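Just run.txt here, compact mmCIF, N, CA and C atoms:
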```txt
# COMPACT_ATOMS: atom_id res chain seq x y z
N MET A 1 -1.02 37.92 18.27
CA MET A 1 -0.09 37.89 19.40
C MET A 1 -0.01 36.47 19.97
N ARG A 2 -1.16 35.81 20.09
CA ARG A 2 -1.16 34.45 20.64
C ARG A 2 -0.44 33.47 19.71
N LEU A 3 -0.65 33.64 18.41
CA LEU A 3 0.03 32.78 17.44
C LEU A 3 1.55 32.95 17.55
N ALA A 4 2.00 34.17 17.75
CA ALA A 4 3.44 34.44 17.90
C ALA A 4 3.97 33.74 19.14
N ARG A 5 3.24 33.80 20.23
CA ARG A 5 3.69 33.13 21.46
C ARG A 5 3.80 31.62 21.26
N VAL A 6 2.80 31.04 20.61
CA VAL A 6 2.82 29.59 20.35
C VAL A 6 4.01 29.25 19.46
N PHE A 7 4.22 30.04 18.42
CA PHE A 7 5.31 29.79 17.49
C PHE A 7 6.66 29.83 18.20
N TRP A 8 6.90 30.90 18.98
CA TRP A 8 8.19 31.03 19.67
C TRP A 8 8.36 29.94 20.72
N THR A 9 7.27 29.52 21.35
CA THR A 9 7.35 28.42 22.32
C THR A 9 7.76 27.13 21.62
N LEU A 10 7.16 26.85 20.46
CA LEU A 10 7.52 25.64 19.71
C LEU A 10 8.98 25.67 19.28
N LEU A 11 9.45 26.83 18.86
CA LEU A 11 10.86 26.95 18.47
C LEU A 11 11.77 26.74 19.68
N ALA A 12 11.43 27.32 20.81
CA ALA A 12 12.23 27.13 22.02
C ALA A 12 12.26 25.67 22.42
N LEU A 13 11.13 24.98 22.33
CA LEU A 13 11.09 23.55 22.65
C LEU A 13 11.91 22.73 21.66
N ASP A 14 11.84 23.07 20.38
CA ASP A 14 12.63 22.38 19.36
C ASP A 14 14.12 22.46 19.69
N VAL A 15 14.57 23.67 19.96
CA VAL A 15 15.99 23.88 20.27
C VAL A 15 16.38 23.18 21.57
N ALA A 16 15.56 23.31 22.59
CA ALA A 16 15.87 22.70 23.88
C ALA A 16 15.97 21.18 23.75
N VAL A 17 15.03 20.57 23.06
CA VAL A 17 15.06 19.11 22.89
C VAL A 17 16.31 18.69 22.12
N GLY A 18 16.61 19.38 21.03
CA GLY A 18 17.80 19.05 20.24
C GLY A 18 19.09 19.18 21.04
N LEU A 19 19.20 20.25 21.82
CA LEU A 19 20.40 20.46 22.63
C LEU A 19 20.51 19.43 23.75
N VAL A 20 19.41 19.09 24.38
CA VAL A 20 19.44 18.10 25.46
C VAL A 20 19.84 16.73 24.90
N ILE A 21 19.31 16.37 23.74
CA ILE A 21 19.70 15.09 23.12
C ILE A 21 21.20 15.07 22.87
N ASN A 22 21.72 16.14 22.27
CA ASN A 22 23.17 16.19 21.99
C ASN A 22 24.00 16.20 23.27
N LEU A 23 23.52 16.86 24.30
CA LEU A 23 24.24 16.88 25.58
C LEU A 23 24.28 15.48 26.19
N ILE A 24 23.15 14.80 26.17
CA ILE A 24 23.11 13.43 26.70
C ILE A 24 24.04 12.52 25.90
N LEU A 25 24.02 12.66 24.58
CA LEU A 25 24.92 11.85 23.75
C LEU A 25 26.39 12.15 24.05
N ALA A 26 26.71 13.40 24.33
CA ALA A 26 28.09 13.76 24.67
C ALA A 26 28.51 13.12 25.98
N ILE A 27 27.58 12.95 26.90
CA ILE A 27 27.89 12.33 28.19
C ILE A 27 27.94 10.81 28.07
N VAL A 28 26.98 10.25 27.36
CA VAL A 28 26.87 8.78 27.24
C VAL A 28 27.93 8.22 26.29
N GLN A 29 28.22 8.95 25.23
CA GLN A 29 29.21 8.52 24.25
C GLN A 29 30.39 9.48 24.28
N PRO A 30 31.26 9.37 25.27
CA PRO A 30 32.35 10.34 25.40
C PRO A 30 33.32 10.29 24.23
N SER A 31 34.24 11.22 24.23
CA SER A 31 35.24 11.35 23.18
C SER A 31 36.04 10.06 23.04
N PRO A 32 36.75 9.92 21.92
CA PRO A 32 37.58 8.72 21.73
C PRO A 32 38.53 8.45 22.89
N ALA A 33 38.96 9.49 23.57
CA ALA A 33 39.85 9.32 24.72
C ALA A 33 39.07 8.80 25.94
N GLY A 34 37.74 8.81 25.84
CA GLY A 34 36.91 8.31 26.92
C GLY A 34 36.66 9.30 28.04
N GLU A 35 36.94 10.55 27.80
CA GLU A 35 36.77 11.56 28.84
C GLU A 35 35.50 12.36 28.60
N VAL A 36 34.60 12.35 29.57
CA VAL A 36 33.35 13.09 29.47
C VAL A 36 33.61 14.59 29.42
N GLY A 37 34.59 15.06 30.18
CA GLY A 37 34.92 16.49 30.18
C GLY A 37 35.31 16.98 28.80
N THR A 38 36.11 16.20 28.10
CA THR A 38 36.51 16.55 26.74
C THR A 38 35.30 16.58 25.82
N SER A 39 34.40 15.62 25.99
CA SER A 39 33.19 15.58 25.18
C SER A 39 32.31 16.81 25.42
N LEU A 40 32.22 17.24 26.67
CA LEU A 40 31.41 18.41 26.99
C LEU A 40 32.02 19.68 26.41
N ILE A 41 33.34 19.79 26.45
CA ILE A 41 34.02 20.94 25.87
C ILE A 41 33.79 20.95 24.35
N ARG A 42 33.89 19.79 23.73
CA ARG A 42 33.64 19.70 22.29
C ARG A 42 32.19 20.06 21.98
N PHE A 43 31.27 19.58 22.81
CA PHE A 43 29.85 19.88 22.64
C PHE A 43 29.63 21.39 22.60
N LEU A 44 30.23 22.09 23.54
CA LEU A 44 30.05 23.54 23.64
C LEU A 44 30.85 24.33 22.60
N SER A 45 31.76 23.66 21.91
CA SER A 45 32.57 24.38 20.94
C SER A 45 32.02 24.28 19.52
N TYR A 46 31.01 23.46 19.30
CA TYR A 46 30.42 23.36 17.97
C TYR A 46 29.54 24.59 17.70
N PHE A 47 29.69 25.14 16.50
CA PHE A 47 28.92 26.33 16.13
C PHE A 47 27.42 26.05 16.16
N THR A 48 27.03 24.83 15.82
CA THR A 48 25.61 24.46 15.86
C THR A 48 25.05 24.65 17.26
N GLU A 49 25.74 24.12 18.27
CA GLU A 49 25.26 24.25 19.64
C GLU A 49 25.26 25.71 20.09
N GLU A 50 26.32 26.42 19.76
CA GLU A 50 26.42 27.83 20.16
C GLU A 50 25.30 28.66 19.54
N SER A 51 25.09 28.50 18.24
CA SER A 51 24.05 29.30 17.58
C SER A 51 22.67 28.93 18.09
N ASN A 52 22.44 27.65 18.37
CA ASN A 52 21.14 27.24 18.90
C ASN A 52 20.94 27.71 20.34
N LEU A 53 22.00 27.79 21.13
CA LEU A 53 21.89 28.36 22.47
C LEU A 53 21.49 29.83 22.40
N PHE A 54 22.06 30.56 21.44
CA PHE A 54 21.67 31.96 21.25
C PHE A 54 20.22 32.06 20.81
N VAL A 55 19.79 31.16 19.93
CA VAL A 55 18.39 31.15 19.50
C VAL A 55 17.48 30.92 20.70
N LEU A 56 17.83 29.96 21.53
CA LEU A 56 17.02 29.67 22.72
C LEU A 56 16.94 30.89 23.63
N ALA A 57 18.07 31.55 23.83
CA ALA A 57 18.09 32.74 24.68
C ALA A 57 17.27 33.89 24.07
N ALA A 58 17.21 33.94 22.75
CA ALA A 58 16.49 35.02 22.09
C ALA A 58 14.99 34.76 22.00
N VAL A 59 14.59 33.49 21.81
CA VAL A 59 13.16 33.23 21.59
C VAL A 59 12.41 32.86 22.86
N ALA A 60 13.07 32.38 23.87
CA ALA A 60 12.37 32.03 25.11
C ALA A 60 11.63 33.25 25.68
N PRO A 61 12.24 34.44 25.73
CA PRO A 61 11.49 35.61 26.20
C PRO A 61 10.33 35.99 25.27
N LEU A 62 10.48 35.71 23.96
CA LEU A 62 9.41 36.02 23.02
C LEU A 62 8.20 35.12 23.24
N ALA A 63 8.42 33.95 23.80
CA ALA A 63 7.30 33.04 24.07
C ALA A 63 6.35 33.61 25.11
N THR A 64 6.89 34.42 26.00
CA THR A 64 6.03 35.03 27.02
C THR A 64 5.64 36.46 26.67
N ASP A 65 6.52 37.17 25.93
CA ASP A 65 6.24 38.56 25.58
C ASP A 65 6.79 38.86 24.18
N PRO A 66 5.98 38.68 23.13
CA PRO A 66 6.45 38.93 21.76
C PRO A 66 6.86 40.38 21.50
N GLN A 67 6.53 41.28 22.39
CA GLN A 67 6.89 42.70 22.23
C GLN A 67 8.16 43.07 22.99
N ARG A 68 8.87 42.08 23.50
CA ARG A 68 10.09 42.32 24.28
C ARG A 68 11.04 43.24 23.52
N ASP A 69 11.70 44.12 24.24
CA ASP A 69 12.61 45.07 23.61
C ASP A 69 13.73 45.44 24.57
N GLY A 70 14.75 46.06 24.05
CA GLY A 70 15.90 46.49 24.81
C GLY A 70 17.13 46.38 23.93
N SER A 71 18.11 47.21 24.15
CA SER A 71 19.28 47.22 23.27
C SER A 71 20.07 45.92 23.32
N ALA A 72 20.27 45.35 24.50
CA ALA A 72 20.99 44.08 24.61
C ALA A 72 20.19 42.96 23.95
N TRP A 73 18.88 43.00 24.13
CA TRP A 73 18.05 41.97 23.52
C TRP A 73 18.07 42.08 21.99
N ARG A 74 18.09 43.29 21.47
CA ARG A 74 18.17 43.48 20.01
C ARG A 74 19.45 42.88 19.45
N ILE A 75 20.54 43.08 20.15
CA ILE A 75 21.83 42.50 19.70
C ILE A 75 21.75 40.98 19.73
N LEU A 76 21.25 40.43 20.82
CA LEU A 76 21.09 38.98 20.93
C LEU A 76 20.21 38.43 19.81
N ARG A 77 19.14 39.13 19.52
CA ARG A 77 18.18 38.70 18.50
C ARG A 77 18.84 38.64 17.13
N VAL A 78 19.55 39.70 16.74
CA VAL A 78 20.22 39.72 15.43
C VAL A 78 21.35 38.70 15.40
N MET A 79 22.09 38.60 16.49
CA MET A 79 23.19 37.64 16.57
C MET A 79 22.67 36.21 16.40
N SER A 80 21.57 35.89 17.06
CA SER A 80 21.01 34.54 16.96
C SER A 80 20.47 34.28 15.55
N LEU A 81 19.83 35.26 14.96
CA LEU A 81 19.30 35.11 13.60
C LEU A 81 20.43 34.88 12.60
N LEU A 82 21.47 35.66 12.71
CA LEU A 82 22.61 35.50 11.81
C LEU A 82 23.31 34.17 12.03
N GLY A 83 23.54 33.81 13.29
CA GLY A 83 24.24 32.56 13.60
C GLY A 83 23.48 31.33 13.13
N ILE A 84 22.16 31.31 13.35
CA ILE A 84 21.40 30.13 12.96
C ILE A 84 21.23 30.06 11.44
N THR A 85 21.22 31.21 10.79
CA THR A 85 21.17 31.22 9.32
C THR A 85 22.45 30.62 8.76
N ILE A 86 23.58 31.00 9.32
CA ILE A 86 24.86 30.42 8.90
C ILE A 86 24.88 28.93 9.18
N THR A 87 24.40 28.52 10.35
CA THR A 87 24.35 27.10 10.69
C THR A 87 23.56 26.32 9.66
N GLY A 88 22.38 26.79 9.32
CA GLY A 88 21.54 26.09 8.35
C GLY A 88 22.18 26.02 6.98
N LEU A 89 22.74 27.13 6.52
CA LEU A 89 23.36 27.15 5.20
C LEU A 89 24.61 26.28 5.12
N VAL A 90 25.50 26.43 6.07
CA VAL A 90 26.74 25.65 6.04
C VAL A 90 26.44 24.16 6.17
N TYR A 91 25.55 23.81 7.09
CA TYR A 91 25.24 22.39 7.24
C TYR A 91 24.56 21.86 5.98
N GLY A 92 23.56 22.57 5.48
CA GLY A 92 22.81 22.08 4.33
C GLY A 92 23.64 21.98 3.07
N ILE A 93 24.56 22.91 2.87
CA ILE A 93 25.34 22.94 1.63
C ILE A 93 26.63 22.13 1.74
N VAL A 94 27.33 22.26 2.86
CA VAL A 94 28.67 21.68 2.97
C VAL A 94 28.69 20.37 3.75
N LEU A 95 28.07 20.35 4.92
CA LEU A 95 28.25 19.22 5.82
C LEU A 95 27.25 18.07 5.66
N ALA A 96 26.03 18.37 5.26
CA ALA A 96 25.00 17.33 5.18
C ALA A 96 25.39 16.14 4.31
N PRO A 97 26.04 16.36 3.15
CA PRO A 97 26.40 15.20 2.33
C PRO A 97 27.39 14.25 3.00
N THR A 98 28.12 14.74 3.98
CA THR A 98 29.12 13.88 4.64
C THR A 98 28.68 13.39 6.01
N SER A 99 27.51 13.82 6.46
CA SER A 99 27.03 13.47 7.79
C SER A 99 25.89 12.47 7.68
N HIS A 100 26.00 11.38 8.43
CA HIS A 100 24.97 10.34 8.40
C HIS A 100 24.65 9.88 9.82
N PRO A 101 24.00 10.75 10.62
CA PRO A 101 23.69 10.36 12.00
C PRO A 101 22.61 9.28 12.05
N HIS A 102 22.62 8.52 13.15
CA HIS A 102 21.66 7.43 13.33
C HIS A 102 20.95 7.58 14.66
N GLY A 103 19.77 6.98 14.77
CA GLY A 103 19.04 6.96 16.03
C GLY A 103 18.63 8.33 16.49
N VAL A 104 18.77 8.55 17.81
CA VAL A 104 18.36 9.84 18.37
C VAL A 104 19.25 10.98 17.89
N ALA A 105 20.48 10.68 17.49
CA ALA A 105 21.36 11.72 16.95
C ALA A 105 20.77 12.28 15.66
N ALA A 106 20.08 11.46 14.89
CA ALA A 106 19.43 11.93 13.67
C ALA A 106 18.29 12.89 13.99
N ILE A 107 17.59 12.61 15.09
CA ILE A 107 16.50 13.51 15.52
C ILE A 107 17.07 14.87 15.91
N ALA A 108 18.11 14.86 16.73
CA ALA A 108 18.75 16.12 17.13
C ALA A 108 19.30 16.85 15.92
N ASN A 109 19.86 16.12 14.98
CA ASN A 109 20.40 16.70 13.76
C ASN A 109 19.32 17.48 13.00
N VAL A 110 18.18 16.87 12.81
CA VAL A 110 17.08 17.53 12.10
C VAL A 110 16.59 18.75 12.88
N LEU A 111 16.42 18.60 14.19
CA LEU A 111 15.92 19.70 15.01
C LEU A 111 16.85 20.91 14.98
N LEU A 112 18.15 20.67 15.08
CA LEU A 112 19.11 21.77 15.22
C LEU A 112 19.64 22.32 13.89
N HIS A 113 19.67 21.49 12.85
CA HIS A 113 20.23 21.94 11.57
C HIS A 113 19.19 22.33 10.53
N TYR A 114 17.98 21.81 10.66
CA TYR A 114 16.95 22.10 9.66
C TYR A 114 15.76 22.88 10.24
N VAL A 115 15.15 22.34 11.29
CA VAL A 115 13.94 22.94 11.85
C VAL A 115 14.25 24.30 12.48
N SER A 116 15.25 24.35 13.31
CA SER A 116 15.59 25.58 14.01
C SER A 116 15.91 26.74 13.05
N PRO A 117 16.78 26.56 12.06
CA PRO A 117 17.05 27.68 11.15
C PRO A 117 15.81 28.14 10.37
N VAL A 118 15.04 27.18 9.86
CA VAL A 118 13.87 27.54 9.07
C VAL A 118 12.84 28.25 9.94
N MET A 119 12.61 27.74 11.15
CA MET A 119 11.64 28.38 12.04
C MET A 119 12.10 29.77 12.48
N MET A 120 13.39 29.92 12.76
CA MET A 120 13.90 31.22 13.23
C MET A 120 13.75 32.27 12.14
N ILE A 121 14.15 31.92 10.93
CA ILE A 121 14.03 32.87 9.82
C ILE A 121 12.56 33.13 9.51
N GLY A 122 11.77 32.06 9.46
CA GLY A 122 10.34 32.21 9.18
C GLY A 122 9.63 33.02 10.26
N GLY A 123 9.97 32.78 11.51
CA GLY A 123 9.37 33.54 12.60
C GLY A 123 9.75 35.00 12.56
N TRP A 124 10.99 35.26 12.22
CA TRP A 124 11.42 36.66 12.12
C TRP A 124 10.67 37.36 10.98
N LEU A 125 10.49 36.66 9.86
CA LEU A 125 9.76 37.25 8.74
C LEU A 125 8.28 37.42 9.06
N ALA A 126 7.69 36.43 9.74
CA ALA A 126 6.25 36.46 10.01
C ALA A 126 5.88 37.37 11.18
N PHE A 127 6.65 37.27 12.26
CA PHE A 127 6.26 37.96 13.49
C PHE A 127 7.19 39.11 13.88
N GLY A 128 8.33 39.19 13.22
CA GLY A 128 9.28 40.24 13.57
C GLY A 128 9.97 39.95 14.88
N PRO A 129 10.31 40.88 15.61
CA PRO A 129 10.10 42.33 15.44
C PRO A 129 11.20 42.95 14.59
N ARG A 130 10.98 43.01 13.29
CA ARG A 130 11.96 43.56 12.35
C ARG A 130 12.19 45.05 12.54
N THR A 131 11.16 45.78 12.91
CA THR A 131 11.30 47.24 13.02
C THR A 131 12.23 47.64 14.16
N ARG A 132 12.50 46.73 15.08
CA ARG A 132 13.38 47.07 16.19
C ARG A 132 14.85 46.83 15.86
N VAL A 133 15.12 46.30 14.68
CA VAL A 133 16.50 46.07 14.26
C VAL A 133 16.94 47.27 13.45
N THR A 134 17.87 48.03 13.99
CA THR A 134 18.38 49.22 13.31
C THR A 134 19.90 49.16 13.25
N ALA A 135 20.46 50.05 12.47
CA ALA A 135 21.91 50.11 12.35
C ALA A 135 22.52 50.43 13.70
```

Encoding of this model in structure tokens:
Amino acid sequence: MRLARVFWTLLALDVAVGLVINLILAIVQPSPAGEVGTSLIRFLSYFTEESNLFVLAAVAPLATDPQRDGSAWRILRVMSLLGITITGLVYGIVLAPTSHPHGVAAIANVLLHYVSPVMMIGGWLAFGPRTRVTA
């Protein structure tokens, strides 16, 4: 149980750090039009950010209570698992060859596109709660 809490806490921190880095970059390096508002809207419209926000919402409660349950939570959990799996696969197969981030953007890229998907899938396989996912 303690190992599960530590694992989910590390995943939540990974996602939070990656999202904060990208948010700061969206504010500091606004869109080509120079509008911070447009950059923030773009930030929130990327599937990577959306799926990682769902992961954060799903794993943060697991960091304190790995036995968390409830019908809405089950939906969030499966949704986040599916979304982050798609994020990892699409980025790794399609987008990675064309993406070359530098500096702190490269750190956020690794955290959100590689570490988060692998940890989420690995955590689900290792700690579950798989038995709570039903049709």

Could you pull out the helix (DSSP H, G or I) residues of chain A from DSSP and send them as a PyMOL selection string?
chain A and resi 2-28+36-45+47-64+71-98+104-127+130-132

Leu76 of chain A environment, 6.5 Å, all atoms listed in the file, sequence neighbours closer than 5 positions dropped, as a PDB file with N, CA and C atoms, keeping the file's coordinate frame:
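Written output follows (result-v4.pdb):
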```pdb
ATOM      1  N   PHE A  54      22.060  30.560  21.440  1.00  0.00           N
ATOM      2  CA  PHE A  54      21.670  31.960  21.250  1.00  0.00           C
ATOM      3  C   PHE A  54      20.220  32.060  20.810  1.00  0.00           C
ATOM      4  N   ALA A  58      17.210  33.940  22.750  1.00  0.00           N
ATOM      5  CA  ALA A  58      16.490  35.020  22.090  1.00  0.00           C
ATOM      6  C   ALA A  58      14.990  34.760  22.000  1.00  0.00           C
ATOM      7  N   SER A  71      18.110  47.210  24.150  1.00  0.00           N
ATOM      8  CA  SER A  71      19.280  47.220  23.270  1.00  0.00           C
ATOM      9  C   SER A  71      20.070  45.920  23.320  1.00  0.00           C
ATOM     10  N   LEU A  81      19.830  35.260  14.960  1.00  0.00           N
ATOM     11  CA  LEU A  81      19.300  35.110  13.600  1.00  0.00           C
ATOM     12  C   LEU A  81      20.430  34.880  12.600  1.00  0.00           C
TER      13      LEU A  81
END
```

Of the candidates A:Pro97, A:Gly128, A:Ala108, A:Gly123, which shows the shortest atom-to-atom distance to Phe7 of chain A, using only N, CA and C atoms?
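Looking only at the distances to Phe7 of chain A, the closest residue turns out to be A:Gly123.
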
Looking at only N, CA and C atoms, which of A:Ile121, A:Ala26, A:Ile75, A:Val17 is the one that sits closest to Arg42 of chain A?
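Using only N, CA and C atoms, the shortest distance to Arg42 of chain A belongs to A:Ala26.
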
Quick one: distance from atom N of Leu89 of chain A to atom CA of Thr48 of chain A in Å, one decimal?
10.1 Å

Contacts of Val104 of chain A at 8 Å (only N, CA and C atoms; same-chain gap of 6+ positions) as an mmCIF file with N, CA and C atoms, in the coordinates of the input:
```
data_model
loop_
_atom_site.group_PDB
_atom_site.id
_atom_site.type_symbol
_atom_site.label_atom_id
_atom_site.label_comp_id
_atom_site.auth_asym_id
_atom_site.auth_seq_id
_atom_site.Cartn_x
_atom_site.Cartn_y
_atom_site.Cartn_z
ATOM 1 N N ILE A 21 19.310 16.370 23.740
ATOM 2 C CA ILE A 21 19.700 15.090 23.120
ATOM 3 C C ILE A 21 21.200 15.070 22.870
ATOM 4 N N ASN A 22 21.720 16.140 22.270
ATOM 5 C CA ASN A 22 23.170 16.190 21.990
ATOM 6 C C ASN A 22 24.000 16.200 23.270
ATOM 7 N N VAL A 110 18.180 16.870 12.810
ATOM 8 C CA VAL A 110 17.080 17.530 12.100
ATOM 9 C C VAL A 110 16.590 18.750 12.880
#
```

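Nearest residue to Leu10 of chain A among A:Ala126, A:Leu53, A:Ala63, A:Ala96 is A:Ala63, counting only C-alpha atoms.
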
Skipping near chain neighbours, those fewer than 4 positions away, what residues fall within 8 Å of Ile27 of chain A using only N, CA and C atoms, listed as a PyMOL selection string?
chain A and resi 21-23+31+35-37+39-40

Pairwise distance for atom CA of Ala60 of chain A and atom CA of Gln29 of chain A, rounded to one decimal in Å:
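Taking atom CA of Ala60 of chain A and atom CA of Gln29 of chain A, their separation equals 28.9 Å.
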
Any idea what the distance is between atom C of Val28 of chain A and atom C of Ala105 of chain A?
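Between atom C of Val28 of chain A and atom C of Ala105 of chain A the gap works out to 13.4 Å.
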
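Residue nearest Asp65 of chain A within the list A:Leu13, A:Val78, A:Ala4, A:Leu125: A:Ala4 [criterion: smallest interatomic distance, only N, CA and C atoms].
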
Extending 8 Å beyond the listed atoms of segment 114-126 of chain A on each side, what axis-aligned box results? I want centre and edge lengths in Å to one decimal, as lines of an AutoDock Vina configuration file.
```
center_x = 11.9
center_y = 29.6
center_z = 11.4
size_x = 28.1
size_y = 31.6
size_z = 21.3
```

Using only C-alpha atoms, the best pick from A:His102, A:Ala57, A:Asp14, A:Pro66 as closest to Pro117 of chain A would be A:Asp14

Residue nearest Met120 of chain A - candidates A:Gln67, A:Thr38, A:Thr85, A:Ser45, atoms counted: all atoms listed in the file
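Once distances to Met120 of chain A are computed over all atoms listed in the file, the minimum belongs to A:Thr85.
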
Contacts of His113 of chain A at 7 Å or less, counting all atoms listed in the file, minus same-chain residues fewer than 4 places along, as an MDAnalysis selection string?
chainID A and resid 87:88 91:92 108:109 117:118

Writing out the chosen residues with N, CA and C atoms as an mmCIF file, in the frame of the given file:
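Wrote it out as out30.cif, contents follow:
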```cif
data_model
loop_
_atom_site.group_PDB
_atom_site.id
_atom_site.type_symbol
_atom_site.label_atom_id
_atom_site.label_comp_id
_atom_site.auth_asym_id
_atom_site.auth_seq_id
_atom_site.Cartn_x
_atom_site.Cartn_y
_atom_site.Cartn_z
ATOM 1 N N THR A 87 24.400 28.520 10.350
ATOM 2 C CA THR A 87 24.350 27.100 10.690
ATOM 3 C C THR A 87 23.560 26.320 9.660
ATOM 4 N N GLY A 88 22.380 26.790 9.320
ATOM 5 C CA GLY A 88 21.540 26.090 8.350
ATOM 6 C C GLY A 88 22.180 26.020 6.980
ATOM 7 N N TYR A 91 25.550 23.810 7.090
ATOM 8 C CA TYR A 91 25.240 22.390 7.240
ATOM 9 C C TYR A 91 24.560 21.860 5.980
ATOM 10 N N GLY A 92 23.560 22.570 5.480
ATOM 11 C CA GLY A 92 22.810 22.080 4.330
ATOM 12 C C GLY A 92 23.640 21.980 3.070
ATOM 13 N N ALA A 108 18.110 14.860 16.730
ATOM 14 C CA ALA A 108 18.750 16.120 17.130
ATOM 15 C C ALA A 108 19.300 16.850 15.920
ATOM 16 N N ASN A 109 19.860 16.120 14.980
ATOM 17 C CA ASN A 109 20.400 16.700 13.760
ATOM 18 C C ASN A 109 19.320 17.480 13.000
ATOM 19 N N PRO A 117 16.780 26.560 12.060
ATOM 20 C CA PRO A 117 17.050 27.680 11.150
ATOM 21 C C PRO A 117 15.810 28.140 10.370
ATOM 22 N N VAL A 118 15.040 27.180 9.860
ATOM 23 C CA VAL A 118 13.870 27.540 9.070
ATOM 24 C C VAL A 118 12.840 28.250 9.940
#
```

From the coordinates supplied, segment 7-19 of chain A should be written with N, CA, C and O atoms, as a compact mmCIF listing (two decimals), in the first residue's frame.
```
# COMPACT_ATOMS: atom_id res chain seq x y z
N PHE A 7 4.34 5.67 -5.48
CA PHE A 7 4.31 5.63 -6.94
C PHE A 7 3.34 6.67 -7.50
O PHE A 7 3.69 7.43 -8.40
N TRP A 8 2.11 6.69 -6.97
CA TRP A 8 1.11 7.64 -7.48
C TRP A 8 1.52 9.08 -7.18
O TRP A 8 1.25 9.98 -7.98
N THR A 9 2.18 9.30 -6.06
CA THR A 9 2.67 10.65 -5.74
C THR A 9 3.73 11.08 -6.75
O THR A 9 3.71 12.22 -7.22
N LEU A 10 4.65 10.18 -7.08
CA LEU A 10 5.68 10.51 -8.07
C LEU A 10 5.07 10.80 -9.44
O LEU A 10 5.50 11.73 -10.13
N LEU A 11 4.06 10.04 -9.81
CA LEU A 11 3.39 10.29 -11.09
C LEU A 11 2.68 11.64 -11.07
O LEU A 11 2.76 12.42 -12.03
N ALA A 12 2.00 11.95 -9.98
CA ALA A 12 1.32 13.24 -9.87
C ALA A 12 2.32 14.38 -9.94
O ALA A 12 2.06 15.39 -10.61
N LEU A 13 3.46 14.24 -9.29
CA LEU A 13 4.50 15.27 -9.35
C LEU A 13 5.07 15.40 -10.76
O LEU A 13 5.31 16.52 -11.24
N ASP A 14 5.29 14.28 -11.43
CA ASP A 14 5.78 14.30 -12.81
C ASP A 14 4.85 15.11 -13.71
O ASP A 14 5.28 16.00 -14.44
N VAL A 15 3.58 14.79 -13.63
CA VAL A 15 2.59 15.48 -14.46
C VAL A 15 2.49 16.95 -14.09
O VAL A 15 2.47 17.83 -14.97
N ALA A 16 2.44 17.25 -12.80
CA ALA A 16 2.32 18.64 -12.36
C ALA A 16 3.51 19.46 -12.83
O ALA A 16 3.33 20.59 -13.33
N VAL A 17 4.71 18.94 -12.69
CA VAL A 17 5.90 19.69 -13.11
C VAL A 17 5.87 19.91 -14.62
O VAL A 17 6.13 21.02 -15.10
N GLY A 18 5.55 18.88 -15.39
CA GLY A 18 5.48 19.03 -16.84
C GLY A 18 4.45 20.05 -17.28
O GLY A 18 4.70 20.88 -18.15
N LEU A 19 3.28 20.01 -16.66
CA LEU A 19 2.22 20.96 -17.01
C LEU A 19 2.59 22.39 -16.61
O LEU A 19 2.33 23.34 -17.37
```
